[in-house]
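Novice: Before I ask anything, here is the structure I am working with.
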Amino acid sequence: MAHFVNDDLEYVVDDYYDVADFEEVPFGDDQPHKNDAIDSDFEDDFDLSKPKTDTSAMEARNGKDIQGIPWERLNFTRDKYRETRLKQYKNYESVTRSPEELEMPCLEVEKGKNFYDFHFNTRLVKSTIVHFQLRNLLWATSKHDVYLMQNYSVMHWSSLLRRGNEVLNVAKPIVPTLKSPGSLAQSLSRVQISTMAVKEDLMVAGGFRGELICKNLNHPGVFCTKLTTDENDITNTVDVYHNPSGSLRVMSANNDAQVRVFDAENFTCLNRFSFDWSVNNTSVSPDGKLVAVLGDSADCLIADAQSGKVTGSLKGHLDYSFASAWHPDGHILATGNQDTTCRLWDIRNLSESVAVLKGRMGAIRAVKFTTDGRFLAMAEPADFVHIIDAQSGYVKGQEIDIFGEIAGISFSPDTEALFIGVADRTYGSLLEFNRRHFNQYLETMF
């Protein structure tokens, strides 16, 4: 993956307009994005006297922008800005390709469906990112519980109470309190979290300088270590899964071309696998037997999750990949790539992908299936999240059109909610969409 300094991040709106009479900081000022605002107005963020920062479904139905952007006070319309954004957005490429190469056959997806309806947007918690290629920074553990990165804090948001609280502060020194013989525990400080995952009350985070942090959400104590000595060896992805015998495992993938497997009980390193290129993403199959390995190569690999032995290669993408997800049936794997596509592979026949899905304007940086396998969500770096109906053969879709860098997407385990983290200095927020159920009475609104 590309080496990167945080100042490289861009904002949604540039100098396309004049907002001198707009009392809020515009959501696309021309100042570089910083992630060192540890002493940000934390209390102000949770000041309940500012309900205007949130948007409800009823307000949206009455015409309010779901992100709270006051288009009526700007010098252009939302449609005009969208048009300009589509023309000016530049997708990042690691491999230079001709326009002809990008004209690959993709499924014609029928857009305009509404599988998930807008429910709520809060700016009381605000997603932040530290690397423009890594967007796994938001996880839902239930319809009412979401974990996200906000500057140097892991935050918990309760959509039921509409209240946020800090789970872990990584700006301060972190001293490992969960130690066991053979573990690599060591103290850390001022960690910039680049990726995270939450499963079965275990929160795992990876750092910009190769750190790994594990915390049980229901018990005190934390395990932390530095996986590499090279400060450029970013922890690109972490995965929490069960191996075939049912034991909980943690897998990390780093820029040093290493994949490491840890026991989630005593945090000892059980194995490590080496590859020929930086590993940007791994995901373990539902049965715990296989792992998809993606990185600084146009090819993706399938390997044995126990030994790391490569058993298959996926050829078709034109650039580097940064996202993958398994369908719950374990047969279909989705891979997201900087060539602006998501490919679907049948693990029983790896000769070619079974379908290619196209993004609107940028790379596919996050992909997630619902636990029932009905829907696939794929997120671009900014502005667009696509929900594809797997039951239709991936030819029917919903396009969620917003403005801002997308820090992460996550379905709730019961499939009832989809959360989207938006990273922006002014309009950074957490969006919630609820699954639409047909042939049912609408909820009574008071």
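In the structure tokens, chains take letters A, B, ... by order of appearance, with residues numbered from 1 within each chain and ligands from 1 in the order shown.
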Would you list the contacts of segment 122-127 of chain A as a PDB file with N, CA and C atoms, in the first residue's frame, taking every protein, DNA or RNA residue within 10 Å and counting only C-alpha atoms, but skipping same-chain residues closer than 4 positions in sequence?
Specialist:
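This went into result.pdb:
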```pdb
ATOM      1  N   PHE A  42     -14.342  17.865  23.200  1.00  0.00           N
ATOM      2  CA  PHE A  42     -15.016  16.598  23.479  1.00  0.00           C
ATOM      3  C   PHE A  42     -16.343  16.826  24.176  1.00  0.00           C
ATOM      4  N   GLU A  43     -16.339  17.684  25.188  1.00  0.00           N
ATOM      5  CA  GLU A  43     -17.585  17.929  25.913  1.00  0.00           C
ATOM      6  C   GLU A  43     -18.601  18.612  25.004  1.00  0.00           C
ATOM      7  N   ASP A  44     -18.112  19.519  24.132  1.00  0.00           N
ATOM      8  CA  ASP A  44     -19.031  20.201  23.233  1.00  0.00           C
ATOM      9  C   ASP A  44     -19.706  19.216  22.294  1.00  0.00           C
ATOM     10  N   ASP A  45     -18.948  18.165  21.881  1.00  0.00           N
ATOM     11  CA  ASP A  45     -19.505  17.185  20.966  1.00  0.00           C
ATOM     12  C   ASP A  45     -20.734  16.501  21.559  1.00  0.00           C
ATOM     13  N   PHE A  46     -20.764  16.399  22.887  1.00  0.00           N
ATOM     14  CA  PHE A  46     -21.855  15.683  23.524  1.00  0.00           C
ATOM     15  C   PHE A  46     -22.797  16.642  24.267  1.00  0.00           C
ATOM     16  N   ASP A  47     -22.730  17.905  23.911  1.00  0.00           N
ATOM     17  CA  ASP A  47     -23.600  18.899  24.518  1.00  0.00           C
ATOM     18  C   ASP A  47     -25.023  18.699  23.993  1.00  0.00           C
ATOM     19  N   LEU A  48     -25.885  18.299  24.877  1.00  0.00           N
ATOM     20  CA  LEU A  48     -27.251  17.989  24.458  1.00  0.00           C
ATOM     21  C   LEU A  48     -28.039  19.232  24.075  1.00  0.00           C
ATOM     22  N   LYS A  50     -27.382  20.943  21.656  1.00  0.00           N
ATOM     23  CA  LYS A  50     -27.170  21.125  20.220  1.00  0.00           C
ATOM     24  C   LYS A  50     -27.899  20.059  19.410  1.00  0.00           C
ATOM     25  N   PRO A  51     -29.190  19.891  19.618  1.00  0.00           N
ATOM     26  CA  PRO A  51     -29.910  18.859  18.869  1.00  0.00           C
ATOM     27  C   PRO A  51     -29.959  19.124  17.370  1.00  0.00           C
ATOM     28  N   LYS A  52     -29.679  20.360  16.950  1.00  0.00           N
ATOM     29  CA  LYS A  52     -29.730  20.683  15.521  1.00  0.00           C
ATOM     30  C   LYS A  52     -28.685  19.910  14.727  1.00  0.00           C
ATOM     31  N   THR A  53     -27.692  19.364  15.420  1.00  0.00           N
ATOM     32  CA  THR A  53     -26.662  18.620  14.693  1.00  0.00           C
ATOM     33  C   THR A  53     -27.182  17.275  14.198  1.00  0.00           C
ATOM     34  N   ASP A  54     -28.293  16.797  14.768  1.00  0.00           N
ATOM     35  CA  ASP A  54     -28.833  15.499  14.376  1.00  0.00           C
ATOM     36  C   ASP A  54     -29.984  15.664  13.388  1.00  0.00           C
ATOM     37  N   THR A  55     -30.218  14.616  12.616  1.00  0.00           N
ATOM     38  CA  THR A  55     -31.324  14.615  11.659  1.00  0.00           C
ATOM     39  C   THR A  55     -32.112  13.323  11.820  1.00  0.00           C
ATOM     40  N   SER A  56     -33.410  13.430  11.991  1.00  0.00           N
ATOM     41  CA  SER A  56     -34.273  12.259  12.128  1.00  0.00           C
ATOM     42  C   SER A  56     -34.914  11.932  10.788  1.00  0.00           C
ATOM     43  N   ILE A  66     -30.195  14.927   4.999  1.00  0.00           N
ATOM     44  CA  ILE A  66     -29.930  13.909   6.014  1.00  0.00           C
ATOM     45  C   ILE A  66     -28.623  14.161   6.760  1.00  0.00           C
ATOM     46  N   GLN A  67     -27.692  14.888   6.141  1.00  0.00           N
ATOM     47  CA  GLN A  67     -26.437  15.214   6.812  1.00  0.00           C
ATOM     48  C   GLN A  67     -26.475  16.591   7.479  1.00  0.00           C
ATOM     49  N   GLY A  68     -27.594  17.283   7.347  1.00  0.00           N
ATOM     50  CA  GLY A  68     -27.721  18.600   7.937  1.00  0.00           C
ATOM     51  C   GLY A  68     -27.022  19.692   7.152  1.00  0.00           C
ATOM     52  N   LEU A 137     -13.218   1.159   9.877  1.00  0.00           N
ATOM     53  CA  LEU A 137     -13.117   1.856  11.161  1.00  0.00           C
ATOM     54  C   LEU A 137     -14.468   2.030  11.824  1.00  0.00           C
ATOM     55  N   LEU A 138     -15.392   1.137  11.528  1.00  0.00           N
ATOM     56  CA  LEU A 138     -16.721   1.207  12.128  1.00  0.00           C
ATOM     57  C   LEU A 138     -17.313  -0.191  12.186  1.00  0.00           C
ATOM     58  N   TYR A 147     -19.343   0.886  17.204  1.00  0.00           N
ATOM     59  CA  TYR A 147     -18.014   1.315  17.628  1.00  0.00           C
ATOM     60  C   TYR A 147     -17.320   1.970  16.444  1.00  0.00           C
ATOM     61  N   LEU A 148     -16.681   3.115  16.708  1.00  0.00           N
ATOM     62  CA  LEU A 148     -16.033   3.853  15.630  1.00  0.00           C
ATOM     63  C   LEU A 148     -14.837   4.609  16.167  1.00  0.00           C
ATOM     64  N   MET A 149     -13.965   5.029  15.258  1.00  0.00           N
ATOM     65  CA  MET A 149     -12.798   5.829  15.612  1.00  0.00           C
ATOM     66  C   MET A 149     -13.133   7.303  15.515  1.00  0.00           C
ATOM     67  N   GLN A 150     -12.756   8.044  16.549  1.00  0.00           N
ATOM     68  CA  GLN A 150     -12.897   9.498  16.534  1.00  0.00           C
ATOM     69  C   GLN A 150     -11.603  10.074  17.097  1.00  0.00           C
ATOM     70  N   ASN A 151     -10.762  10.584  16.189  1.00  0.00           N
ATOM     71  CA  ASN A 151      -9.445  11.073  16.559  1.00  0.00           C
ATOM     72  C   ASN A 151      -8.655   9.958  17.263  1.00  0.00           C
ATOM     73  N   VAL A 154     -11.531   5.314  20.642  1.00  0.00           N
ATOM     74  CA  VAL A 154     -12.537   4.368  20.174  1.00  0.00           C
ATOM     75  C   VAL A 154     -13.818   4.728  20.908  1.00  0.00           C
ATOM     76  N   MET A 155     -14.850   5.054  20.140  1.00  0.00           N
ATOM     77  CA  MET A 155     -16.110   5.506  20.719  1.00  0.00           C
ATOM     78  C   MET A 155     -17.186   4.445  20.580  1.00  0.00           C
ATOM     79  N   HIS A 156     -18.080   4.405  21.566  1.00  0.00           N
ATOM     80  CA  HIS A 156     -19.282   3.579  21.477  1.00  0.00           C
ATOM     81  C   HIS A 156     -20.480   4.510  21.340  1.00  0.00           C
ATOM     82  N   TRP A 157     -21.327   4.230  20.363  1.00  0.00           N
ATOM     83  CA  TRP A 157     -22.544   4.998  20.167  1.00  0.00           C
ATOM     84  C   TRP A 157     -23.740   4.095  20.400  1.00  0.00           C
ATOM     85  N   SER A 159     -27.465   3.829  19.653  1.00  0.00           N
ATOM     86  CA  SER A 159     -28.528   4.424  18.840  1.00  0.00           C
ATOM     87  C   SER A 159     -29.852   4.420  19.595  1.00  0.00           C
ATOM     88  N   ARG A 162     -29.027   7.299  22.086  1.00  0.00           N
ATOM     89  CA  ARG A 162     -28.460   8.420  21.327  1.00  0.00           C
ATOM     90  C   ARG A 162     -27.425   9.163  22.168  1.00  0.00           C
ATOM     91  N   ARG A 163     -26.479   8.357  22.616  1.00  0.00           N
ATOM     92  CA  ARG A 163     -25.433   8.879  23.473  1.00  0.00           C
ATOM     93  C   ARG A 163     -24.137   8.142  23.164  1.00  0.00           C
ATOM     94  N   GLY A 164     -23.019   8.865  23.207  1.00  0.00           N
ATOM     95  CA  GLY A 164     -21.734   8.258  22.943  1.00  0.00           C
ATOM     96  C   GLY A 164     -20.845   8.275  24.164  1.00  0.00           C
ATOM     97  N   ASN A 165     -19.917   7.334  24.245  1.00  0.00           N
ATOM     98  CA  ASN A 165     -18.936   7.347  25.322  1.00  0.00           C
ATOM     99  C   ASN A 165     -17.624   6.762  24.814  1.00  0.00           C
ATOM    100  N   GLU A 405     -15.873  11.715   3.118  1.00  0.00           N
ATOM    101  CA  GLU A 405     -15.073  10.500   3.129  1.00  0.00           C
ATOM    102  C   GLU A 405     -15.773   9.443   3.984  1.00  0.00           C
ATOM    103  N   ILE A 406     -15.800   8.220   3.505  1.00  0.00           N
ATOM    104  CA  ILE A 406     -16.488   7.141   4.206  1.00  0.00           C
ATOM    105  C   ILE A 406     -15.469   6.358   5.026  1.00  0.00           C
ATOM    106  N   ALA A 407     -15.628   6.397   6.343  1.00  0.00           N
ATOM    107  CA  ALA A 407     -14.668   5.758   7.237  1.00  0.00           C
ATOM    108  C   ALA A 407     -14.946   4.272   7.430  1.00  0.00           C
ATOM    109  N   GLY A 408     -16.186   3.861   7.213  1.00  0.00           N
ATOM    110  CA  GLY A 408     -16.526   2.455   7.384  1.00  0.00           C
ATOM    111  C   GLY A 408     -18.012   2.229   7.225  1.00  0.00           C
ATOM    112  N   ILE A 420     -23.129   3.945   8.580  1.00  0.00           N
ATOM    113  CA  ILE A 420     -22.101   4.515   7.710  1.00  0.00           C
ATOM    114  C   ILE A 420     -21.389   5.619   8.477  1.00  0.00           C
ATOM    115  N   GLY A 421     -20.072   5.518   8.574  1.00  0.00           N
ATOM    116  CA  GLY A 421     -19.298   6.553   9.227  1.00  0.00           C
ATOM    117  C   GLY A 421     -18.776   7.547   8.198  1.00  0.00           C
ATOM    118  N   VAL A 422     -19.025   8.830   8.424  1.00  0.00           N
ATOM    119  CA  VAL A 422     -18.577   9.882   7.507  1.00  0.00           C
ATOM    120  C   VAL A 422     -17.502  10.711   8.197  1.00  0.00           C
ATOM    121  N   ALA A 423     -16.355  10.848   7.544  1.00  0.00           N
ATOM    122  CA  ALA A 423     -15.241  11.619   8.093  1.00  0.00           C
ATOM    123  C   ALA A 423     -15.174  12.975   7.407  1.00  0.00           C
ATOM    124  N   ASP A 424     -15.446  14.022   8.165  1.00  0.00           N
ATOM    125  CA  ASP A 424     -15.351  15.385   7.654  1.00  0.00           C
ATOM    126  C   ASP A 424     -15.285  16.318   8.856  1.00  0.00           C
ATOM    127  N   ARG A 425     -14.514  17.401   8.756  1.00  0.00           N
ATOM    128  CA  ARG A 425     -14.325  18.278   9.913  1.00  0.00           C
ATOM    129  C   ARG A 425     -15.649  18.850  10.411  1.00  0.00           C
ATOM    130  N   THR A 426     -16.530  19.247   9.519  1.00  0.00           N
ATOM    131  CA  THR A 426     -17.806  19.835   9.924  1.00  0.00           C
ATOM    132  C   THR A 426     -18.939  18.825   9.907  1.00  0.00           C
ATOM    133  N   TYR A 427     -19.022  18.031   8.875  1.00  0.00           N
ATOM    134  CA  TYR A 427     -20.159  17.128   8.717  1.00  0.00           C
ATOM    135  C   TYR A 427     -19.807  15.673   8.994  1.00  0.00           C
ATOM    136  N   GLY A 428     -18.713  15.454   9.724  1.00  0.00           N
ATOM    137  CA  GLY A 428     -18.411  14.110  10.183  1.00  0.00           C
ATOM    138  C   GLY A 428     -19.552  13.605  11.043  1.00  0.00           C
ATOM    139  N   SER A 429     -19.967  12.353  10.810  1.00  0.00           N
ATOM    140  CA  SER A 429     -21.171  11.886  11.500  1.00  0.00           C
ATOM    141  C   SER A 429     -21.299  10.380  11.410  1.00  0.00           C
ATOM    142  N   LEU A 430     -22.361   9.881  12.003  1.00  0.00           N
ATOM    143  CA  LEU A 430     -22.735   8.474  11.915  1.00  0.00           C
ATOM    144  C   LEU A 430     -24.152   8.397  11.381  1.00  0.00           C
ATOM    145  N   LEU A 431     -24.308   7.766  10.229  1.00  0.00           N
ATOM    146  CA  LEU A 431     -25.615   7.607   9.584  1.00  0.00           C
ATOM    147  C   LEU A 431     -26.175   6.225   9.877  1.00  0.00           C
ATOM    148  N   GLU A 432     -27.472   6.165  10.149  1.00  0.00           N
ATOM    149  CA  GLU A 432     -28.139   4.886  10.384  1.00  0.00           C
ATOM    150  C   GLU A 432     -29.288   4.717   9.399  1.00  0.00           C
TER     151      GLU A 432
END
```
Novice: If you run DSSP over the backbone, which residues in segment 219-347 of chain A end up strand (DSSP E or B)? Put them as a VMD selection string.
Specialist: chain A and resid 222 to 226 235 to 242 248 to 254 258 to 263 269 to 274 279 to 284 290 to 295 300 to 304 310 to 314 321 to 326 332 to 337 341 to 346
Novice: List as a PyMOL selection string the protein and nucleic acid residues near segment 285-299 of chain A, meaning an atom at most 6 Å away when only C-alpha atoms are counted, but skip any in the same chain fewer than 6 places from it.
Specialist: chain A and resi 1+242-244+277-279+305+314-315+317-321+330
Novice: Which residue out of A:Ser324, A:Gln88, A:Thr340, A:Asn114 has the minimum interatomic distance to His437 of chain A when only C-alpha atoms are used?
Specialist: A:Asn114
Novice: Neighbours of Arg365 of chain A within 6 Å (only C-alpha atoms; same-chain residues fewer than 3 positions away dropped), as a VMD selection string?
Specialist: chain A and resid 322 to 323 336 379 to 380
Novice: Can you pull out the residues contacting segment 388-399 of chain A? Cut-off 9 Å, using only C-alpha atoms, and skip same-chain residues under 5 positions away; I want them as a list in words.
Specialist: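 Residues near the query, excluding close chain neighbours: Leu107, Glu108, Val109, Glu110, Lys111, Gly112, Lys113, Asn114, Phe115, Tyr116, Ala355, Leu357, Gly373, Arg374, Phe375, Leu376, Ala377 and Met378 of chain A.
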Novice: DSSP on the backbone: what in segment 56-104 of chain A comes out alpha helix (DSSP H), as a PyMOL selection string?
Specialist: chain A and resi 57-61+78-88+99-102
Novice: Residues at most 7 Å from Val240 of chain A, counting only C-alpha atoms, excluding those fewer than 3 positions away in the same chain, as a list in words?
Specialist: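 Listing them by chain and then by number gives Ala197, Lys199, Arg249, Val250 and Met251 of chain A.
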Novice: Quick one: residues within 8 Å of Asn232 of chain A, only C-alpha atoms counted, chain neighbours fewer than 6 positions away excluded, as a ChimeraX atom specification?
Specialist: /A:3,208-210,255
Novice: As an exercise, work out the distance from atom CA of Val385 of chain A to atom CA of Thr141 of chain A in Å and give it to one decimal place.
Specialist: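 It comes out at 19.9 Å.
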